[in-house]
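A.B. asks: Sharing a structure here in structure tokens format.
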Amino acid sequence: MIFDIFLRGWADLARPGALKVLLKGIGLAILLLLVVWFGLFELIGWFVPDTITLPFFGEIGWIDPALSIASIGVMLIASVFLMVPVASIFTGFFLDEVAELVERHHYPGLPPVRRLSLSETLGDSLRFFGVVLGANLLALIVYLFVGPFAPVVFFALNGYLLGREYFQMAAVRRMTRAEAKALYAANKGTIWASGALMALPLTVPVLNLAVPVVGAAAFTHLFHRLAQR
């Protein structure tokens, strides 16, 4: 079931209207990453002098430009970790629009959804972003001590975080929050595994830009599968 819903999520990118949502998601994700990169670029300019003088080598003037160029590579690597919180902050805004596309095609005849207010959507997204960002910053320390098991920690942690939040955001469209929590509690293992699977393409630069939209579609499918049980 888990692989099936994610294949459906990727396939739903071809639905009418999905490309517009995808392009918005990619544009916002790239914009946020560029803001982070620009901040890193400026920090290098502030703290690294234009030239330094070393014994035997004399004056060296290429360190600042070299570090600025190297910052591009650093950002590509950092995007593996940054895309998890980046995906989280856009989830609440994309999920409703993507879920409507999915339900219109796969689950016709459903009653109207429970519309969330802008404050609820913004609050959920910011709370999710804070939890995911904080957990992943702490995990960076843990990675130093677990060595080759770091990928296991990464997928276990983000599988739990992404699975829980994506699922509950999908569920509260058609349930009360208490009902969504109960359905989550009854299916924790399946939801965790789905979140871990979603975290996998988040580690692939460029491909990870599509994951917030694909994840919203996939977890809409997962919610309906579990609710029908």
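Every chain in the structure tokens takes a letter, A first, then B, and so on in the order presented; its residues are numbered from 1, and the ligands are numbered from 1 following the presented order.
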What lies within 8 Å of A:Gly195 using only C-alpha atoms, ignoring chain neighbours under 5 positions off, as JSON, numbers by chain?

C.D. replies: {"A": [158, 159, 160, 161, 162, 163, 164]}

A.B. asks: Output C-alpha atoms of each residue in that selection to a file, as a PDB file, in the first residue's frame.

C.D. replies:
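Produced file again17.pdb, reproduced below:
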```
ATOM      1  CA  ASN A 158      12.074  12.518   9.553  1.00  0.00           C
ATOM      2  CA  GLY A 159       9.855   9.550   8.799  1.00  0.00           C
ATOM      3  CA  TYR A 160       8.200  10.122  12.155  1.00  0.00           C
ATOM      4  CA  LEU A 161       7.977  13.916  11.856  1.00  0.00           C
ATOM      5  CA  LEU A 162       6.882  14.130   8.228  1.00  0.00           C
ATOM      6  CA  GLY A 163       4.503  11.186   8.487  1.00  0.00           C
ATOM      7  CA  ARG A 164       2.768  12.516  11.595  1.00  0.00           C
TER       8      ARG A 164
END
```

A.B. asks: To one decimal place in Å, what is the distance between atom CA of A:Tyr107 and atom CA of A:Arg8?

C.D. replies: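 Taking atom CA of A:Tyr107 as the start and atom CA of A:Arg8 as the end point, the length is 13.0 Å.
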
A.B. asks: Using only C-alpha atoms, which residues of stretch 100-142 of chain A come within 12 Å of stretch 175-184 of chain A, and what is the closest atom pair for each, with the distance in Å to one decimal? Give it as a tab-separated table, sorted by chain and residue number.

C.D. replies:
```
residue	atom	partner	partner_atom	distance
A:Pro111	CA	A:Met175	CA	11.7
A:Pro112	CA	A:Met175	CA	11.4
A:Val113	CA	A:Met175	CA	8.7
A:Arg114	CA	A:Met175	CA	7.6
A:Arg115	CA	A:Met175	CA	10.7
A:Leu116	CA	A:Thr176	CA	11.1
A:Glu120	CA	A:Arg177	CA	11.8
A:Asp124	CA	A:Arg177	CA	11.9
```

A.B. asks: Identify which of the residues A:Ala135, A:His224, A:Phe94, A:Phe6 lies closest to A:Leu28, counting only C-alpha atoms when measuring atom-to-atom distances.

C.D. replies: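 Closest to A:Leu28 of all the choices is A:Phe94.
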
A.B. asks: Rank nothing, just name the residue among A:Asp96, A:Ala196, A:Val131, A:Gly215 nearest to A:Phe154, using only C-alpha atoms.

C.D. replies: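 Smallest separation from A:Phe154 among the options: A:Ala196.
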
A.B. asks: I need the residue nearest A:Tyr166 from this list: A:Arg229, A:Leu13, A:Asn187, A:Phe219. Use only C-alpha atoms for the distance.

C.D. replies: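 Closest to A:Tyr166 of all the choices is A:Phe219.
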
A.B. asks: Separation of atom CA of A:Leu200 and atom CA of A:Ala18, in Å?

C.D. replies: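 Value for the atom CA of A:Leu200-atom CA of A:Ala18 distance: 21.7 Å.
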
A.B. asks: Could you state the separation of atom CA of A:Leu122 and atom CA of A:Leu157 in Å, given to one decimal place?

C.D. replies: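 A separation of 23.3 Å between them.
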